Structure formats: C-alpha cells, structure tokens
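> For reference, the structure I am asking about is given below.
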Amino acid sequence: MTNNLQATITLYNGVKMPWFGLGVFKVEEGPELVNAVKFAIKQGYRSIDTAAIYGNEEGVGQAIREAINEYGITREELFITSKVWNSDLGYESTIAAYETSLRKLGLDYLDLYLIHWPKEDKYSEAWRVLETLYKEGKVKAIGVSNFQVHHLEKIMQDAEIKPMVNQVEYHPRLTQQEVKAFCGQHGIQFEAWSPLMQGQLFDNPLLKELANKYNKTVAQVILRWDLQNGVVTIPKSTKEHRIIENSTIFDFELTTEDMDKISGLNENYRVGPDPDNIDF
C-alpha cells in the first residue's frame with residue numbers, strides 16, 4: 001500500500017505514476033501559481049497535473065525549472081500531466097496542441113497526455129494522434145479524462161493502444177463504480193479530479209465524525225479513502241498549509257467499515273459537467 005508521498009503505481013506499460021499529486025485547475029498564471037507548484041515539489045510532491053484549457057502551463061513550466069535548479073531534483077523524478085482541449089481534437093490540431101503545451105511548459109516530453117473530454121465524433125481521431133506521440137517517445141503514457149464506459153469501449157474498438165489512465169470526477173458523492181470497475185478489468189488506472197468536491201464535503205457529519213476519530217481533517221480522510229480505493233488523486237491547492245495537510249495521509253489507515261461508510265455517501269452527484277451532455 002502507498003506509504004509515502006513518492007509512492008507510485010505502475011501503469012500497464014511499466015511507467016511509474018505517483019499516487020498523489022497537485023492539481024492546478026483554476027489557478028491563474030502568476031506568482032501564486034509558481035510558488036504553489038514549487039512549494040509542493042519542495043515538500044515532496046512529484047506529480048503536477050495541468051491542462052491546455054487551464055491557461056497556466058507557462059507558469060507550471062517556470063515552477064518546474066526553478067524547482068529543479070533550487071532543490072536538486074531531476075526532470076525524470078517528476079510526473080507532468082497535461083490535456084488536449086475539445087477545440088483541438090482532430091489529427092493536425094491535436095499534434096499542434098501537444099507541441100504548444102510542450103513549448104509552454106518548456107519540456108522535452110510529457111509523462112502523461114490526456115484527451116480532456118469525450119467530444120463526440122472527435123475523440124477517436126485524436127486518440128490516434130496520442131498513440132503516434134506515444135510510439136514516437138514524446139509522451140511516456142497516454143490516457144483520457146471524463147470518459148464513461150461507452151466512450152472507453154468505442155476507443156478500444158479501433159485502438160492499437162488502450163488508455164493507461166482515465167481521470168474523472170470522483171469523490172464520496174460520485175463514486176462512478178461502473179466506470180471504475182471497467183477500468184479495473186482492463187488495466188486502466190483510475191484517477192480522481194475534484195476529490196474534495198470543491199470543499200462541499202467539509203461539513204458532512206459522517207466525514208467530520210471520522211475526522212475526529214482518526215485525529216485528521218475531513219480532507220485527509222477523503223484523500224486517504226481515495227488511495228485505499230486504488231485511486232490516484234490530485235487535489236488542488238495554492239495555500240502552503242493545505243498543500244502540506246493534503247499530503248499528510250500516509251500515517252494512518254481507514255478501517256474497511258469506515259471505507260464502506262464513506263462509499264455509502266454516493267448519490268451520483270456531479271459538481272462538474274456530465275460527460276454525456278457536454279456543449280463546449
């Protein structure tokens with residue numbers, strides 16, 4: 001089981017992916033972003049998750065370069081994820097989007113590149129591009145985000161290479177058991193975005209009760225629940241004390257009974273868009 005911040009899961013192609021990382025959704029370019037990413041890396045985080053649509057790849061890249069120079073770590077120790085946006089899905093446009101992300105980040109390769117949303121009639125062609133990038137060694141692993149079972153089945157019908165990761169909205173009120181089970185059956189690593197439901201779970205009575213029981217915060221209990229469910233997780237924060245707090249989850253373990261209680265909060269409730277009804 002994961003017992004430290006650098007613990008990794010081995011994807012089906014042999015690439016090691018950290019169980020825990022930092023997300024930067026809705027963090028604008030500027031000193032706050034650079035400082036947050038650098039601080040996280042200094043604290044031991046090795047995985048940073050961004051996307052073209054976040055508009056902050058340049059700041060993430062600056063933080064990575066400064067962290068490498070200042071903290072004595074190497075690029076190879078880091079795991080950097082970005083994603084291609086819906087308007088760039090298509091053969092030539094996806095290649096161009098990848099090269100733009102790489103340039104903005106100032107990197108020679110990405111560790112993980114994802115199709116951000118299953119835009120109808122677009123994602124299958126884009127997947128062929130990701131396969132090409134992977135075969136050319138420009139990315140260590142490829143995957144998807146927000147894909148439901150039928151989207152995964154469609155891609156896998158024609159794919160030479162199946163996705164290595166599926167990053168979806170996942171938290172105690174949206175456990176996506178069908179998608180998670182399908183990914184498990186096919187060796188696709190499940191990854192959570194918005195694991196803390198954008199703070200909407202912090203007043204939940206059960207979670208507060210469990211936080212008191214384990215002498216942890218509600219956030220720490222939820223993030224530990226993720227890991228014990230075999231789910232890679234990337235909570236977002238720019239506050240230094242939260243970056244530390246979120247990662248202090250390797251010194252306790254939830255009982256099976258408490259894991260089940262948390263899973264029982266599921267209501268199939270989304271804070272983000274429904275992947276089957278996207279209009280962007």
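Lettering and numbering for the structure tokens are positional, with chains as A, B, ... in the shown order, residues counted from 1 in each chain, and ligands counted from 1 in the shown order.
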At a cut-off of 10 Å, using only C-alpha atoms, what residues contact region 115-120 of chain A? Leave out same-chain residues fewer than 2 positions from it and give the result as a ChimeraX atom specification.

/A:51-53,82-89,94,113,122-124,126-127,130,142-148,151-152,155,163,166-168,273,275-280

> Where in region 53-191 of chain A does DSSP assign alpha helix (DSSP H), given as an MDAnalysis selection string?

chainID A and resid 57:71 91:105 123:135 149:158 177:185

> Excluding Arg46 (chain A) and its own-chain neighbours fewer than 3 positions away, which residues fall within 8 Å of it when counting only C-alpha atoms? Please give them as a ChimeraX atom specification.

/A:6,18,21,41,77-79

> Between A:Ile243, A:Ile234, A:Ile64, A:Ile9, which has the minimum distance to Met164 (chain A) (counting only C-alpha atoms)?

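Smallest separation from Met164 (chain A) among the options: A:Ile9.
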
> For a test of reading the model, state the distance in Å between CA of Leu207 (chain A) and CA of Ile222 (chain A), rounded to one decimal.

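Calculated distance between CA of Leu207 (chain A) and CA of Ile222 (chain A) is 7.9 Å.
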